[in-house]
Amino acid sequence: MKVCVVGSGGREHALVNSLAKSASVVATPGNPGMDRAQVTNQVPEEIEADLYVIGPEVPLVEGLGDRLRSQGKVVFGPGSDGAKLEGSKAWMKDILARAKIPTARYQSCGNIQEAVEFLNTLKSPYVIKTDGLAAGKGVLVTESYEEALHDIEAKLSGKSFAGAGKTIVIEEFMDGYELSVMAICDGKSVFPLQAAQDYKRVGNGNQGPNTGGMGAYSPVALVDMKLVDRVVNECIEPLVYQFRQDSIDYGGFVDVGLMITEEGPKIVEFNIRFGDPETQVVLPLLTNDLATILYEAASGSLKTVPTFSVQTCVGVVLASQGYPDGPIRTGDPIIGLDTASQSSGSGVAILHAGTQVSENGQILTGGGRVLNVTALGADVNEARECAYRALGEITWPGMHFRMDIGN
């Protein structure tokens, strides 16, 4: 089988590595670390493949899946109608209400007056979200009423996140612990993957602003299959049923961001693509063939149940100076990549998330989140020790990372 992976980040690098175990892989636009794929700048519509796996949310929201399917291609990823689940938080909240899926009390607001009126019905902390795509950074959680007001004004005016923020969602704060449950869907059946814990805040101890994710680990000690099954039964299957009622054929991935509260699981967000950085720690644990599973789902006949090893995987994100608030420093030579790969054992992977190549072939920083260092171990302590030992070989000016992933 030949598989085309669309995207260039750490998630797509993990997909390439897993798919390449059984398939021939081409990646567009790919990244400098994808040595297990043919990397090309061709647009997906010009590439011939048996299966197309779309990694990032933006091309899905913009209808790449629809365009490929119109050419008769087999595509893993929703069309633009289902992609609104991530493309619009207000639309997502509305479909949750219709499907009776548990979530925080909320209101979608398009002007300051209605936003302030609803804010005044809530207790601190306050949760303010952009409606549109914001690369995982469009959420403010604050104890300060004044900061919440300032954020509302900045988003609704377009000063922050431009058009993505001109409608906002204000939510009641949910108390509990966060969890990601990812599932594969063929439009009817839902097969969950192993649960992962994501670390959104930039600093140790969950301090600082939200990011696209600073690391993750899987499996999660607090989570058993009983809880995963409850999430599937109460949150994902009702969503898929509602999609069918709305004539939306959803074949692709569902990444459920949850808060596990005293009342049970409640939805924080739905993502329409593999989670990042959760994918980087879940796929190394998969013991059966990813290409087969995704092809079945894309063809509407999912029957291979994903299975996983008993190991643990920990992944740590290495970020550029300035991330996530900017200005982000890029163009620095990355030192120690070869040493980290060669000295750390077969269970370590260095996944490129934001890199570029200089004219003389040197790997340089090229984005905010630059690398994911993942490691396997018999338990979380062994895996995190191996990951941190490997990343200790890597450096560039201003590099930063969290020290508490999996701790």
# chains A, B, ... in the order shown; residues from 1 in each chain; ligands from 1

$ residues_around --residues "Tyr388 (chain A)" --least-positions-apart "2" --cutoff "10 Å" --atoms "only C-alpha atoms" --output "JSON, numbers by chain"
{"A": [314, 315, 316, 344, 373, 374, 375, 383, 384, 385, 386, 390, 391, 392, 393, 403, 405]}

$ write_last_selection --atoms "N, CA and C atoms" --output "JSON list (two decimals), in the first residue's frame"
[["chain", "number", "residue", "atom", "x", "y", "z"],
["A", 314, "VAL", "N", 6.74, 8.27, 26.84],
["A", 314, "VAL", "CA", 6.77, 9.67, 27.29],
["A", 314, "VAL", "C", 7.37, 10.52, 26.18],
["A", 315, "GLY", "N", 6.75, 11.65, 25.90],
["A", 315, "GLY", "CA", 7.26, 12.58, 24.89],
["A", 315, "GLY", "C", 7.40, 13.98, 25.43],
["A", 316, "VAL", "N", 8.54, 14.61, 25.17],
["A", 316, "VAL", "CA", 8.81, 15.97, 25.65],
["A", 316, "VAL", "C", 9.05, 16.88, 24.45],
["A", 344, "SER", "N", 20.99, 6.71, 22.80],
["A", 344, "SER", "CA", 19.86, 6.59, 23.73],
["A", 344, "SER", "C", 19.05, 5.32, 23.57],
["A", 373, "VAL", "N", 10.95, 14.65, 21.66],
["A", 373, "VAL", "CA", 11.79, 13.52, 22.03],
["A", 373, "VAL", "C", 10.91, 12.52, 22.77],
["A", 374, "THR", "N", 10.72, 11.33, 22.19],
["A", 374, "THR", "CA", 9.88, 10.32, 22.81],
["A", 374, "THR", "C", 10.72, 9.11, 23.18],
["A", 375, "ALA", "N", 10.28, 8.40, 24.22],
["A", 375, "ALA", "CA", 11.01, 7.22, 24.67],
["A", 375, "ALA", "C", 10.04, 6.20, 25.24],
["A", 383, "ALA", "N", 10.50, 5.39, 31.16],
["A", 383, "ALA", "CA", 10.34, 6.09, 29.88],
["A", 383, "ALA", "C", 10.75, 7.54, 29.99],
["A", 384, "ARG", "N", 10.35, 8.23, 31.07],
["A", 384, "ARG", "CA", 10.69, 9.65, 31.18],
["A", 384, "ARG", "C", 12.19, 9.83, 31.43],
["A", 385, "GLU", "N", 12.80, 8.92, 32.19],
["A", 385, "GLU", "CA", 14.24, 9.00, 32.41],
["A", 385, "GLU", "C", 14.99, 8.88, 31.08],
["A", 386, "CYS", "N", 14.54, 7.96, 30.24],
["A", 386, "CYS", "CA", 15.19, 7.76, 28.94],
["A", 386, "CYS", "C", 14.99, 8.98, 28.04],
["A", 390, "ALA", "N", 17.99, 11.50, 26.68],
["A", 390, "ALA", "CA", 18.23, 11.75, 25.26],
["A", 390, "ALA", "C", 18.20, 13.23, 24.93],
["A", 391, "LEU", "N", 17.21, 13.96, 25.44],
["A", 391, "LEU", "CA", 17.11, 15.39, 25.09],
["A", 391, "LEU", "C", 18.24, 16.20, 25.72],
["A", 392, "GLY", "N", 18.90, 15.62, 26.74],
["A", 392, "GLY", "CA", 20.04, 16.29, 27.34],
["A", 392, "GLY", "C", 21.22, 16.43, 26.40],
["A", 393, "GLU", "N", 21.21, 15.67, 25.30],
["A", 393, "GLU", "CA", 22.27, 15.77, 24.29],
["A", 393, "GLU", "C", 22.02, 16.88, 23.28],
["A", 403, "MET", "N", 10.14, 20.15, 32.61],
["A", 403, "MET", "CA", 10.85, 19.09, 33.30],
["A", 403, "MET", "C", 9.93, 18.07, 33.96],
["A", 405, "ILE", "N", 7.09, 16.34, 32.58],
["A", 405, "ILE", "CA", 6.22, 15.51, 31.74],
["A", 405, "ILE", "C", 6.23, 14.07, 32.27]]

$ residues_around --residues "region 27-42 of chain A" --least-positions-apart "6" --cutoff "7 Å" --atoms "only C-alpha atoms" --output "PyMOL selection string"
chain A and resi 4-8+13+16-17+20+351-352+355-357

$ write_last_selection --atoms "N, CA and C atoms" --output "PDB file, in the first residue's frame"
ATOM      1  N   CYS A   4      -0.153   8.566   1.411  1.00  0.00           N
ATOM      2  CA  CYS A   4       0.275   9.963   1.382  1.00  0.00           C
ATOM      3  C   CYS A   4      -0.116  10.614   2.698  1.00  0.00           C
ATOM      4  N   VAL A   5       0.878  11.103   3.438  1.00  0.00           N
ATOM      5  CA  VAL A   5       0.650  11.827   4.687  1.00  0.00           C
ATOM      6  C   VAL A   5       0.784  13.322   4.410  1.00  0.00           C
ATOM      7  N   VAL A   6      -0.238  14.072   4.753  1.00  0.00           N
ATOM      8  CA  VAL A   6      -0.248  15.520   4.538  1.00  0.00           C
ATOM      9  C   VAL A   6       0.094  16.225   5.839  1.00  0.00           C
ATOM     10  N   GLY A   7       1.179  17.022   5.831  1.00  0.00           N
ATOM     11  CA  GLY A   7       1.564  17.777   7.011  1.00  0.00           C
ATOM     12  C   GLY A   7       3.066  17.777   7.198  1.00  0.00           C
ATOM     13  N   SER A   8       3.521  18.532   8.184  1.00  0.00           N
ATOM     14  CA  SER A   8       4.969  18.716   8.350  1.00  0.00           C
ATOM     15  C   SER A   8       5.430  18.700   9.787  1.00  0.00           C
ATOM     16  N   HIS A  13       5.241  13.310  11.569  1.00  0.00           N
ATOM     17  CA  HIS A  13       6.456  12.497  11.638  1.00  0.00           C
ATOM     18  C   HIS A  13       6.153  11.165  12.334  1.00  0.00           C
ATOM     19  N   VAL A  16       4.197   8.990   9.914  1.00  0.00           N
ATOM     20  CA  VAL A  16       5.099   8.418   8.912  1.00  0.00           C
ATOM     21  C   VAL A  16       5.819   7.205   9.484  1.00  0.00           C
ATOM     22  N   ASN A  17       6.384   7.347  10.682  1.00  0.00           N
ATOM     23  CA  ASN A  17       7.142   6.247  11.278  1.00  0.00           C
ATOM     24  C   ASN A  17       6.280   5.011  11.489  1.00  0.00           C
ATOM     25  N   ALA A  20       5.096   3.540   7.962  1.00  0.00           N
ATOM     26  CA  ALA A  20       6.207   2.974   7.186  1.00  0.00           C
ATOM     27  C   ALA A  20       6.578   1.565   7.621  1.00  0.00           C
ATOM     28  N   LEU A 351      11.522  13.321  16.868  1.00  0.00           N
ATOM     29  CA  LEU A 351      10.525  13.695  15.869  1.00  0.00           C
ATOM     30  C   LEU A 351      10.607  15.193  15.608  1.00  0.00           C
ATOM     31  N   HIS A 352      10.723  15.562  14.340  1.00  0.00           N
ATOM     32  CA  HIS A 352      10.828  16.970  13.967  1.00  0.00           C
ATOM     33  C   HIS A 352       9.436  17.591  13.906  1.00  0.00           C
ATOM     34  N   THR A 355      11.431  22.332  12.049  1.00  0.00           N
ATOM     35  CA  THR A 355      12.840  22.442  11.671  1.00  0.00           C
ATOM     36  C   THR A 355      12.965  22.845  10.210  1.00  0.00           C
ATOM     37  N   GLN A 356      14.147  23.302   9.851  1.00  0.00           N
ATOM     38  CA  GLN A 356      14.473  23.643   8.473  1.00  0.00           C
ATOM     39  C   GLN A 356      15.932  23.284   8.226  1.00  0.00           C
ATOM     40  N   VAL A 357      16.342  23.302   6.956  1.00  0.00           N
ATOM     41  CA  VAL A 357      17.702  22.909   6.587  1.00  0.00           C
ATOM     42  C   VAL A 357      18.408  24.096   5.964  1.00  0.00           C
TER      43      VAL A 357
END

$ closest_residue --among "A:Tyr323, A:Tyr295, A:Phe274, A:Tyr126" --to "Ile54 (chain A)" --atoms "only C-alpha atoms"
A:Phe274

$ select_by_dssp --residues "region 181-358 of chain A" --states "helix (DSSP H, G or I)" --output "ChimeraX atom specification"
/A:225-245,278-285,290-298,337-343

$ write_last_selection --atoms "N, CA and C atoms" --output "CSV table (one decimal), in the first residue's frame"
chain,number,residue,atom,x,y,z
A,225,MET,N,-10.0,1.0,31.1
A,225,MET,CA,-10.8,0.9,29.9
A,225,MET,C,-12.3,1.1,30.3
A,226,LYS,N,-12.7,1.0,31.5
A,226,LYS,CA,-14.0,1.3,31.9
A,226,LYS,C,-14.3,2.8,31.7
A,227,LEU,N,-13.4,3.6,32.0
A,227,LEU,CA,-13.5,5.1,31.8
A,227,LEU,C,-13.5,5.4,30.3
A,228,VAL,N,-12.6,4.8,29.6
A,228,VAL,CA,-12.5,5.0,28.1
A,228,VAL,C,-13.8,4.6,27.5
A,229,ASP,N,-14.4,3.4,27.9
A,229,ASP,CA,-15.7,3.0,27.3
A,229,ASP,C,-16.8,4.0,27.6
A,230,ARG,N,-16.7,4.5,28.8
A,230,ARG,CA,-17.8,5.5,29.2
A,230,ARG,C,-17.7,6.8,28.3
A,231,VAL,N,-16.4,7.2,28.0
A,231,VAL,CA,-16.2,8.3,27.1
A,231,VAL,C,-16.8,8.0,25.7
A,232,VAL,N,-16.5,6.8,25.3
A,232,VAL,CA,-17.0,6.4,23.9
A,232,VAL,C,-18.5,6.4,23.9
A,233,ASN,N,-19.1,5.8,25.0
A,233,ASN,CA,-20.6,5.6,25.0
A,233,ASN,C,-21.3,7.0,25.2
A,234,GLU,N,-20.7,7.9,26.1
A,234,GLU,CA,-21.5,9.1,26.4
A,234,GLU,C,-21.1,10.3,25.6
A,235,CYS,N,-19.9,10.2,25.0
A,235,CYS,CA,-19.4,11.4,24.3
A,235,CYS,C,-19.2,11.3,22.8
A,236,ILE,N,-18.6,10.1,22.4
A,236,ILE,CA,-18.2,10.0,21.0
A,236,ILE,C,-19.3,9.4,20.1
A,237,GLU,N,-19.9,8.3,20.6
A,237,GLU,CA,-21.0,7.6,19.8
A,237,GLU,C,-22.2,8.5,19.7
A,238,PRO,N,-22.6,9.3,20.7
A,238,PRO,CA,-23.7,10.2,20.5
A,238,PRO,C,-23.4,11.3,19.4
A,239,LEU,N,-22.1,11.7,19.4
A,239,LEU,CA,-21.7,12.7,18.4
A,239,LEU,C,-21.8,12.1,17.0
A,240,VAL,N,-21.3,10.9,16.8
A,240,VAL,CA,-21.4,10.2,15.5
A,240,VAL,C,-22.8,10.0,15.1
A,241,TYR,N,-23.7,9.6,16.0
A,241,TYR,CA,-25.1,9.5,15.7
A,241,TYR,C,-25.7,10.8,15.3
A,242,GLN,N,-25.4,11.9,16.0
A,242,GLN,CA,-25.9,13.2,15.6
A,242,GLN,C,-25.4,13.6,14.2
A,243,PHE,N,-24.1,13.3,13.9
A,243,PHE,CA,-23.6,13.6,12.5
A,243,PHE,C,-24.5,12.8,11.5
A,244,ARG,N,-24.8,11.6,11.7
A,244,ARG,CA,-25.7,10.9,10.8
A,244,ARG,C,-27.0,11.5,10.6
A,245,GLN,N,-27.6,12.0,11.8
A,245,GLN,CA,-28.9,12.7,11.7
A,245,GLN,C,-28.8,13.9,10.9
A,278,GLU,N,-0.1,14.1,21.6
A,278,GLU,CA,-0.6,12.8,22.0
A,278,GLU,C,-0.2,11.7,21.0
A,279,THR,N,-0.4,12.0,19.7
A,279,THR,CA,-0.1,11.0,18.7
A,279,THR,C,1.3,10.4,18.9
A,280,GLN,N,2.2,11.3,19.2
A,280,GLN,CA,3.7,10.9,19.3
A,280,GLN,C,3.9,9.9,20.4
A,281,VAL,N,3.0,9.8,21.4
A,281,VAL,CA,3.3,8.8,22.4
A,281,VAL,C,2.3,7.6,22.4
A,282,VAL,N,1.2,7.7,21.6
A,282,VAL,CA,0.3,6.6,21.5
A,282,VAL,C,0.7,5.7,20.3
A,283,LEU,N,1.1,6.2,19.2
A,283,LEU,CA,1.4,5.3,18.1
A,283,LEU,C,2.6,4.4,18.3
A,284,PRO,N,3.7,4.8,19.0
A,284,PRO,CA,4.7,3.8,19.3
A,284,PRO,C,4.3,2.6,20.1
A,285,LEU,N,3.1,2.7,20.7
A,285,LEU,CA,2.6,1.6,21.5
A,285,LEU,C,1.7,0.7,20.7
A,290,LEU,N,-1.2,0.1,11.5
A,290,LEU,CA,-1.9,1.4,11.4
A,290,LEU,C,-2.5,1.6,10.0
A,291,ALA,N,-1.7,1.3,8.9
A,291,ALA,CA,-2.2,1.5,7.5
A,291,ALA,C,-3.5,0.8,7.3
A,292,THR,N,-3.6,-0.5,7.7
A,292,THR,CA,-4.8,-1.3,7.6
A,292,THR,C,-6.0,-0.6,8.3
A,293,ILE,N,-5.7,-0.2,9.5
A,293,ILE,CA,-6.8,0.4,10.3
A,293,ILE,C,-7.4,1.6,9.7
A,294,LEU,N,-6.5,2.5,9.2
A,294,LEU,CA,-6.9,3.8,8.6
A,294,LEU,C,-7.6,3.6,7.3
A,295,TYR,N,-7.1,2.6,6.5
A,295,TYR,CA,-7.7,2.3,5.2
A,295,TYR,C,-9.1,1.8,5.4
A,296,GLU,N,-9.3,0.9,6.4
A,296,GLU,CA,-10.6,0.4,6.7
A,296,GLU,C,-11.6,1.5,7.1
A,297,ALA,N,-11.1,2.4,7.9
A,297,ALA,CA,-11.9,3.5,8.4
A,297,ALA,C,-12.3,4.5,7.2
A,298,ALA,N,-11.3,4.8,6.4
A,298,ALA,CA,-11.5,5.7,5.3
A,298,ALA,C,-12.5,5.0,4.3
A,337,LEU,N,21.8,16.3,17.6
A,337,LEU,CA,20.7,15.4,17.1
A,337,LEU,C,21.3,13.9,16.9
A,338,ASP,N,22.4,13.8,16.3
A,338,ASP,CA,23.0,12.5,16.0
A,338,ASP,C,23.4,11.8,17.3
A,339,THR,N,24.0,12.5,18.2
A,339,THR,CA,24.4,11.9,19.5
A,339,THR,C,23.2,11.4,20.3
A,340,ALA,N,22.1,12.2,20.3
A,340,ALA,CA,20.9,11.8,21.0
A,340,ALA,C,20.3,10.6,20.4
A,341,SER,N,20.3,10.5,19.1
A,341,SER,CA,19.7,9.3,18.4
A,341,SER,C,20.5,8.1,18.6
A,342,GLN,N,21.9,8.2,18.6
A,342,GLN,CA,22.8,7.0,18.6
A,342,GLN,C,23.0,6.5,20.0
A,343,SER,N,22.9,7.4,21.0
A,343,SER,CA,23.4,7.0,22.4
A,343,SER,C,22.2,6.6,23.3

$ closest_atom_pairs --of "region 107-190 of chain A" --to "region 256-273 of chain A" --cutoff "8 Å" --atoms "only C-alpha atoms" --output "Markdown table"
| residue | atom | partner | partner_atom | distance |
| --- | --- | --- | --- | --- |
| A:Met174 | CA | A:Met259 | CA | 6.9 |
| A:Asp175 | CA | A:Thr261 | CA | 6.0 |
| A:Gly176 | CA | A:Thr261 | CA | 4.6 |
| A:Tyr177 | CA | A:Ile260 | CA | 5.4 |
| A:Glu178 | CA | A:Met259 | CA | 4.6 |
| A:Leu179 | CA | A:Leu258 | CA | 5.2 |
| A:Ser180 | CA | A:Gly257 | CA | 4.8 |
| A:Val181 | CA | A:Val256 | CA | 5.2 |
| A:Met182 | CA | A:Val256 | CA | 6.0 |

$ write_last_selection --atoms "C-alpha atoms" --output "PDB file, in the first residue's frame"
ATOM      1  CA  MET A 174     -14.781  22.821  35.115  1.00  0.00           C
ATOM      2  CA  ASP A 175     -12.819  21.368  38.020  1.00  0.00           C
ATOM      3  CA  GLY A 176     -11.141  17.974  37.619  1.00  0.00           C
ATOM      4  CA  TYR A 177      -8.249  16.449  35.707  1.00  0.00           C
ATOM      5  CA  GLU A 178      -7.689  16.679  31.981  1.00  0.00           C
ATOM      6  CA  LEU A 179      -7.600  13.664  29.696  1.00  0.00           C
ATOM      7  CA  SER A 180      -7.333  13.022  25.951  1.00  0.00           C
ATOM      8  CA  VAL A 181      -9.120  10.058  24.394  1.00  0.00           C
ATOM      9  CA  MET A 182      -8.527   9.518  20.695  1.00  0.00           C
TER      10      MET A 182
END

$ select_by_dssp --residues "region 82-296 of chain A" --states "strand (DSSP E)" --output "JSON, numbers by chain"
{"A": [106, 107, 108, 109, 126, 127, 128, 129, 130, 139, 140, 141, 142, 168, 169, 170, 171, 172, 177, 178, 179, 180, 181, 182, 183, 184, 185, 190, 191, 192, 197, 198, 201, 202, 203, 207, 208, 209, 210, 215, 216, 217, 218, 252, 253, 254, 255, 256, 257, 258, 259, 260, 261, 264, 265, 266, 267, 268, 269, 270, 271]}

$ write_last_selection --atoms "C-alpha atoms" --output "compact mmCIF listing (two decimals), in the first residue's frame"
# COMPACT_ATOMS: atom_id res chain seq x y z
CA TYR A 106 -21.52 28.22 27.96
CA GLN A 107 -22.64 31.04 25.70
CA SER A 108 -21.46 32.03 22.24
CA CYS A 109 -21.05 35.79 21.98
CA TYR A 126 -13.22 32.47 33.80
CA VAL A 127 -12.74 30.61 30.50
CA ILE A 128 -12.69 32.62 27.25
CA LYS A 129 -12.20 30.87 23.89
CA THR A 130 -11.83 32.02 20.31
CA VAL A 139 -8.05 29.88 25.27
CA LEU A 140 -7.69 32.11 28.32
CA VAL A 141 -8.31 30.71 31.82
CA THR A 142 -7.98 33.43 34.44
CA ILE A 168 -16.09 33.87 21.27
CA VAL A 169 -17.30 31.13 23.60
CA ILE A 170 -17.41 31.86 27.33
CA GLU A 171 -17.58 28.79 29.55
CA GLU A 172 -18.12 27.89 33.15
CA TYR A 177 -8.25 16.45 35.71
CA GLU A 178 -7.69 16.68 31.98
CA LEU A 179 -7.60 13.66 29.70
CA SER A 180 -7.33 13.02 25.95
CA VAL A 181 -9.12 10.06 24.39
CA MET A 182 -8.53 9.52 20.70
CA ALA A 183 -10.74 7.33 18.52
CA ILE A 184 -10.94 6.17 14.93
CA CYS A 185 -14.31 6.39 13.21
CA VAL A 190 -15.92 3.99 16.89
CA PHE A 191 -12.69 2.29 18.03
CA PRO A 192 -10.76 4.10 20.80
CA GLN A 197 -2.20 12.88 29.15
CA ASP A 198 -1.29 16.17 27.44
CA ARG A 201 0.83 25.09 29.74
CA VAL A 202 4.31 26.25 28.82
CA GLY A 203 5.83 26.00 32.30
CA GLN A 207 2.21 27.53 34.87
CA GLY A 208 2.16 30.15 32.11
CA PRO A 209 0.13 30.52 28.93
CA ASN A 210 -1.46 27.73 26.88
CA GLY A 215 4.54 16.95 26.07
CA ALA A 216 2.45 13.88 26.79
CA TYR A 217 2.57 10.34 28.05
CA SER A 218 0.55 7.15 27.56
CA GLY A 252 -11.71 10.03 10.29
CA PHE A 253 -10.27 10.78 13.66
CA VAL A 254 -11.85 12.19 16.81
CA ASP A 255 -9.57 13.56 19.53
CA VAL A 256 -11.63 14.25 22.62
CA GLY A 257 -10.32 16.73 25.17
CA LEU A 258 -12.05 15.96 28.46
CA MET A 259 -12.30 17.16 32.01
CA ILE A 260 -12.96 14.27 34.39
CA THR A 261 -15.16 15.91 37.02
CA GLY A 264 -18.14 12.27 35.22
CA PRO A 265 -16.44 13.10 31.90
CA LYS A 266 -17.31 16.43 30.28
CA ILE A 267 -16.15 17.71 26.89
CA VAL A 268 -13.59 20.50 26.79
CA GLU A 269 -13.05 20.27 23.03
CA PHE A 270 -13.27 17.97 20.04
CA ASN A 271 -10.43 17.85 17.53

$ closest_atom_pairs --of "region 158-238 of chain A" --to "region 307-311 of chain A" --cutoff "9 Å" --atoms "only C-alpha atoms" --output "CSV"
residue,atom,partner,partner_atom,distance
A:Leu193,CA,A:Thr307,CA,8.1
A:Gln194,CA,A:Phe308,CA,7.5
A:Ser218,CA,A:Gln311,CA,8.8
A:Pro219,CA,A:Gln311,CA,8.2

$ atom_distance --atom1 "CA of Pro56 (chain A)" --atom2 "CA of Leu85 (chain A)"
13.8 Å

$ atom_distance --atom1 "CA of Asp404 (chain A)" --atom2 "CA of Asn204 (chain A)"
6.0 Å

$ atom_distance --atom1 "CA of Lys303 (chain A)" --atom2 "CA of Ser80 (chain A)"
25.1 Å

$ closest_residue --among "A:Ser124, A:Ser247, A:Thr395, A:Asn288" --to "Ile334 (chain A)" --atoms "only C-alpha atoms"
A:Thr395

$ decode --residues "region 226-297 of chain A" --atoms "C-alpha atoms" --output "short mmCIF file (atom, residue, chain, number, x, y, z; two decimals), in the first residue's frame"
data_model
loop_
_atom_site.label_atom_id
_atom_site.label_comp_id
_atom_site.auth_asym_id
_atom_site.auth_seq_id
_atom_site.Cartn_x
_atom_site.Cartn_y
_atom_site.Cartn_z
CA LYS A 226 -14.05 1.29 31.92
CA LEU A 227 -13.55 5.07 31.80
CA VAL A 228 -12.52 5.00 28.13
CA ASP A 229 -15.65 2.97 27.31
CA ARG A 230 -17.76 5.52 29.20
CA VAL A 231 -16.22 8.34 27.14
CA VAL A 232 -17.00 6.43 23.94
CA ASN A 233 -20.58 5.64 25.02
CA GLU A 234 -21.47 9.06 26.44
CA CYS A 235 -19.43 11.43 24.29
CA ILE A 236 -18.22 10.00 20.97
CA GLU A 237 -20.98 7.63 19.84
CA PRO A 238 -23.73 10.24 20.45
CA LEU A 239 -21.68 12.69 18.36
CA VAL A 240 -21.38 10.22 15.47
CA TYR A 241 -25.11 9.47 15.70
CA GLN A 242 -25.88 13.21 15.59
CA PHE A 243 -23.65 13.55 12.54
CA ARG A 244 -25.67 10.85 10.76
CA GLN A 245 -28.88 12.66 11.70
CA ASP A 246 -27.38 15.81 10.13
CA SER A 247 -26.29 13.89 6.97
CA ILE A 248 -22.60 14.35 7.81
CA ASP A 249 -20.50 11.34 6.81
CA TYR A 250 -17.68 11.48 9.35
CA GLY A 251 -14.87 9.09 8.44
CA GLY A 252 -11.71 10.03 10.29
CA PHE A 253 -10.27 10.78 13.66
CA VAL A 254 -11.85 12.19 16.81
CA ASP A 255 -9.57 13.56 19.53
CA VAL A 256 -11.63 14.25 22.62
CA GLY A 257 -10.32 16.73 25.17
CA LEU A 258 -12.05 15.96 28.46
CA MET A 259 -12.30 17.16 32.01
CA ILE A 260 -12.96 14.27 34.39
CA THR A 261 -15.16 15.91 37.02
CA GLU A 262 -17.03 14.61 40.06
CA GLU A 263 -20.09 14.25 37.82
CA GLY A 264 -18.14 12.27 35.22
CA PRO A 265 -16.44 13.10 31.90
CA LYS A 266 -17.31 16.43 30.28
CA ILE A 267 -16.15 17.71 26.89
CA VAL A 268 -13.59 20.50 26.79
CA GLU A 269 -13.05 20.27 23.03
CA PHE A 270 -13.27 17.97 20.04
CA ASN A 271 -10.43 17.85 17.53
CA ILE A 272 -10.89 16.39 14.06
CA ARG A 273 -7.36 15.07 13.60
CA PHE A 274 -4.75 13.12 15.48
CA GLY A 275 -3.81 14.96 18.67
CA ASP A 276 -0.44 16.64 18.90
CA PRO A 277 1.62 15.73 20.96
CA GLU A 278 -0.57 12.77 22.03
CA THR A 279 -0.09 10.96 18.71
CA GLN A 280 3.66 10.93 19.27
CA VAL A 281 3.26 8.82 22.44
CA VAL A 282 0.30 6.62 21.46
CA LEU A 283 1.41 5.33 18.06
CA PRO A 284 4.73 3.83 19.30
CA LEU A 285 2.61 1.57 21.53
CA LEU A 286 0.35 0.31 18.71
CA THR A 287 1.00 -3.38 18.02
CA ASN A 288 -1.08 -3.93 14.89
CA ASP A 289 -1.00 -2.31 11.46
CA LEU A 290 -1.93 1.38 11.36
CA ALA A 291 -2.19 1.51 7.55
CA THR A 292 -4.80 -1.27 7.55
CA ILE A 293 -6.83 0.36 10.33
CA LEU A 294 -6.89 3.78 8.64
CA TYR A 295 -7.69 2.31 5.21
CA GLU A 296 -10.65 0.39 6.68
CA ALA A 297 -11.95 3.53 8.39
#
